[in-house]
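Single-structure report; data block below.
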Amino acid sequence: MAALALGFTSCEDYGTTAVPQSNPQLPAMDAESLVVAPGDTVVDLAAVANITVLNVVEVKDLPEVANLEFVMEVAKTENFANAKQVATTVADNVVTVAAADWQAAHLEVFGKNPKEQDAYVRFAPYVVNGSSKVRLNNADYFVGTGKVKVTPYPAPFFIDEVYNLEANGVVVAELKGEKGDVYDNPNFKVAVTIDVEDIIDGETWAWRIVAKNAAEGTERTVFAPEADFADAEEGVLETNVDGYVPGYGNFPIDGRWIFSFNAETLAFSIKEAPAEMNMIGGFCGWNWDNAPSMIRVNSHPGLYWTIQYVNANEGFKFNASRAWDGGEFGYGAAVSENSVAEVVNDGGNFAVTEAGWYIFVIDNTTGVPVLSILEPNVYVFGSAAGGSWSASDDWKFQIVGDRDAEWPFVSPAVLATDGTEQSCLRLCIQLPGCDWWQSEFIFYEDGVIDYRADGGDQARIGNPAGRVYLNFVTGKGKVE
């Protein structure tokens, strides 16, 4: 190989600097000058200190005073979006990576879960002379692109996907992760109703938390309050380690409560489940005085709905209280796959990409709120709908796509009814997994919409023949 004239440029950013084509002293190496073969394609990072990642098969036109250097990129997807760089070492045409360095990049790309992952790798080649280096060919040139099965370092302790809440030896609920991978977010919650009359021994509601899917012999799978917190509503849990199995906590209080714990720090809390949910956003001027209270769904504690009009990319969020008290949640909270709108991030708030009327549903039945956004379908049921007792398109309201319209929701022409049990006007929305009457509503002589929510049967109301007009912003309704 010919000697290399000192025409290198210093380069700190391995991945973006191309060879300056205007400098005739730099090596004229192209894509065919370097031939490589893949290294290990199945990797256990904990098994060895260094991993072979690439083999240099042939190099042409490399000056004698120069060396090759490679920077490995690790990514989750084949397009190498958000790839992380790892330094390598080259010796005797073998390129290796320190397992600890690969582990650090793996954590950034895949998170803390210790399960095997399919990772994509590629290598940026550089020609090096002392402290100077240039990118071979151009900034988009990579070699050795491929897929590797990677097992990262073991986690320091086991974290399950689901935990059982036991009371007096009986499983009463399942605690599930709040969002994302449980190793990255080890917070678990569940809402549960406690009735002292159901307590087995009549005195205590003895509780503990047990991993649902742990293999036999796995530690940190049984949790109960430390002795100082046995009767407390928050504190620290102890867990089974080296054969020790913790006892139970006590909680003999009627009501609906949210149990939560962190499987890493072992902190726990028991808080009264909120009985309300509210929605706030640009549609109401971010003013709690104007923010709508969501409607409770009959027989489904923790399930709430409201119909609102939101503009495209106009933020909104939710809170159990009507205040900025730290309990509000927005983008980053879970969104149901059944949602009909594309949900995007508006500075930490939820937003949708298309303006319109929607039914917004918050499912907080487990203590971990999930947002669903549904089509704003409203229906007439019963005798006013000719005896229809299903969510029929024939009796679905038409919608005016304008929040400021006087009557944005207008029904088909309904039949007159006399207001008896057998002949009355009944209106509702239909929520997945719920009976229609669990989200029904009506309005009376004052024209104010009255939601059944979690109450009993509403007083029956008659109506003349005509159309039903509704405005969910003003909370009014009429028939004419």
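We name chains A, B, ... following the order of the structure tokens; residues begin at 1 in each chain, and ligands are numbered from 1 as shown.
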
Under the rule of at most 9 Å, produce a per-residue listing of range 23-127 of chain A near range 141-163 of chain A: chain, number, name, the closest pair of atoms, and the distance in Å, as CSV, using only C-alpha atoms.
```
residue,atom,partner,partner_atom,distance
A:Ala31,CA,A:Tyr141,CA,7.8
A:Leu34,CA,A:Val143,CA,8.5
A:Val35,CA,A:Val143,CA,8.3
A:Val36,CA,A:Gly144,CA,6.5
A:Ala37,CA,A:Gly144,CA,6.6
A:Pro38,CA,A:Gly144,CA,5.9
A:Gly39,CA,A:Gly144,CA,8.8
A:Asp40,CA,A:Val148,CA,7.7
A:Thr41,CA,A:Val148,CA,4.6
A:Val42,CA,A:Lys149,CA,4.8
A:Val43,CA,A:Val150,CA,4.8
A:Asp44,CA,A:Thr151,CA,4.7
A:Leu45,CA,A:Pro152,CA,5.3
A:Ala46,CA,A:Tyr153,CA,5.2
A:Ala47,CA,A:Tyr153,CA,8.8
A:Val53,CA,A:Gly144,CA,8.8
A:Leu54,CA,A:Gly144,CA,6.9
A:Asn55,CA,A:Gly144,CA,8.9
A:Glu78,CA,A:Lys147,CA,8.4
A:Ala100,CA,A:Tyr153,CA,8.9
A:Trp102,CA,A:Pro152,CA,8.7
A:Gln103,CA,A:Pro152,CA,6.3
A:His106,CA,A:Pro152,CA,7.4
A:Leu107,CA,A:Pro152,CA,8.4
A:Lys112,CA,A:Ala155,CA,7.4
A:Asn113,CA,A:Ala155,CA,7.2
A:Pro114,CA,A:Pro154,CA,5.4
A:Lys115,CA,A:Thr151,CA,6.3
A:Glu116,CA,A:Thr151,CA,4.3
A:Gln117,CA,A:Val150,CA,5.3
A:Asp118,CA,A:Lys149,CA,4.7
A:Ala119,CA,A:Val148,CA,5.3
A:Tyr120,CA,A:Lys147,CA,4.5
A:Val121,CA,A:Gly146,CA,5.6
A:Arg122,CA,A:Thr145,CA,4.1
A:Phe123,CA,A:Val143,CA,5.2
A:Ala124,CA,A:Phe142,CA,4.9
A:Pro125,CA,A:Phe142,CA,6.8
```

Generate the output file for the selected residues, C-alpha atoms, as a compact mmCIF listing (two decimals), in the first residue's frame.
```
# COMPACT_ATOMS: atom_id res chain seq x y z
CA ALA A 31 -17.28 1.03 -1.19
CA LEU A 34 -13.52 -2.78 2.24
CA VAL A 35 -14.97 -6.28 2.64
CA VAL A 36 -16.30 -7.41 6.00
CA ALA A 37 -18.13 -10.40 7.43
CA PRO A 38 -20.52 -10.44 10.41
CA GLY A 39 -19.36 -11.37 13.86
CA ASP A 40 -21.46 -13.05 16.53
CA THR A 41 -25.18 -13.01 15.67
CA VAL A 42 -26.34 -14.40 19.02
CA VAL A 43 -24.97 -12.43 21.95
CA ASP A 44 -25.23 -12.84 25.72
CA LEU A 45 -23.74 -9.66 27.12
CA ALA A 46 -23.23 -11.16 30.58
CA ALA A 47 -21.34 -14.18 29.27
CA VAL A 53 -19.04 -7.90 16.11
CA LEU A 54 -17.27 -7.76 12.74
CA ASN A 55 -14.46 -9.44 10.81
CA GLU A 78 -34.21 -1.67 10.58
CA ALA A 100 -20.43 -3.13 29.23
CA TRP A 102 -23.02 -2.54 24.44
CA GLN A 103 -25.14 -2.95 27.56
CA HIS A 106 -28.93 -1.49 24.82
CA LEU A 107 -30.49 0.14 27.89
CA LYS A 112 -34.28 -2.18 31.38
CA ASN A 113 -36.20 -5.36 30.58
CA PRO A 114 -33.70 -8.29 30.65
CA LYS A 115 -35.45 -10.35 27.95
CA GLU A 116 -33.75 -11.25 24.67
CA GLN A 117 -34.21 -8.65 21.93
CA ASP A 118 -33.63 -8.51 18.18
CA ALA A 119 -31.25 -5.60 17.64
CA TYR A 120 -30.08 -4.10 14.37
CA VAL A 121 -26.39 -3.20 14.07
CA ARG A 122 -24.23 -1.48 11.47
CA PHE A 123 -20.76 0.00 11.40
CA ALA A 124 -19.38 3.35 10.28
CA PRO A 125 -15.77 2.87 9.02
```

Looking only at strand (DSSP E or B) from DSSP on the backbone, list the matching residues of range 29-216 of chain A as a ChimeraX atom specification. /A:34-38,42-44,50-59,67-75,84-87,89-91,94-98,117-129,132-135,143-151,162-167,170-177,187-194,206-211

Report the closest atom pair, with its distance in Å rounded to one decimal, for each residue of range 132-244 of chain A that has an atom no farther than 6 Å from range 360-373 of chain A; count only C-alpha atoms, sort by chain and then rising residue number, and write it as JSON lines.
```
{"residue": "A:Glu178", "atom": "CA", "partner": "A:Val368", "partner_atom": "CA", "distance": 5.7}
{"residue": "A:Lys189", "atom": "CA", "partner": "A:Gly367", "partner_atom": "CA", "distance": 5.7}
{"residue": "A:Val190", "atom": "CA", "partner": "A:Thr366", "partner_atom": "CA", "distance": 4.5}
{"residue": "A:Ala191", "atom": "CA", "partner": "A:Thr366", "partner_atom": "CA", "distance": 4.7}
```

Phe318 in chain A environment, 9 Å, only C-alpha atoms, sequence neighbours closer than 2 positions dropped, as a CSV table (one decimal) with N, CA and C atoms, in the first residue's frame:
```
chain,number,residue,atom,x,y,z
A,277,MET,N,-64.5,12.7,37.8
A,277,MET,CA,-63.5,13.0,36.8
A,277,MET,C,-63.9,14.2,36.0
A,278,ASN,N,-62.9,15.0,35.7
A,278,ASN,CA,-63.2,16.3,35.0
A,278,ASN,C,-62.3,16.4,33.8
A,279,MET,N,-62.7,17.1,32.8
A,279,MET,CA,-62.0,17.4,31.5
A,279,MET,C,-61.8,18.9,31.4
A,280,ILE,N,-60.5,19.2,31.0
A,280,ILE,CA,-60.2,20.7,30.9
A,280,ILE,C,-59.3,20.8,29.6
A,281,GLY,N,-59.3,22.0,29.0
A,281,GLY,CA,-58.5,22.2,27.8
A,281,GLY,C,-58.8,23.5,27.2
A,316,PHE,N,-55.9,19.1,25.8
A,316,PHE,CA,-56.8,18.9,26.8
A,316,PHE,C,-56.3,17.8,27.8
A,320,ALA,N,-59.2,14.2,38.6
A,320,ALA,CA,-60.3,13.8,39.5
A,320,ALA,C,-60.8,15.0,40.2
A,321,SER,N,-60.0,16.0,40.5
A,321,SER,CA,-60.4,17.2,41.2
A,321,SER,C,-60.4,18.3,40.2
A,327,GLY,N,-52.6,16.1,40.3
A,327,GLY,CA,-53.3,14.9,39.9
A,327,GLY,C,-53.7,14.8,38.4
A,328,GLU,N,-53.6,16.0,37.7
A,328,GLU,CA,-54.0,16.0,36.3
A,328,GLU,C,-53.1,15.1,35.5
A,329,PHE,N,-53.7,14.6,34.4
A,329,PHE,CA,-52.9,13.7,33.5
A,329,PHE,C,-53.3,14.0,32.1
A,330,GLY,N,-52.3,13.9,31.2
A,330,GLY,CA,-52.5,14.2,29.8
A,330,GLY,C,-51.6,13.2,29.0
A,362,ILE,N,-63.0,8.0,30.2
A,362,ILE,CA,-61.9,7.7,31.0
A,362,ILE,C,-62.3,6.5,31.8
```
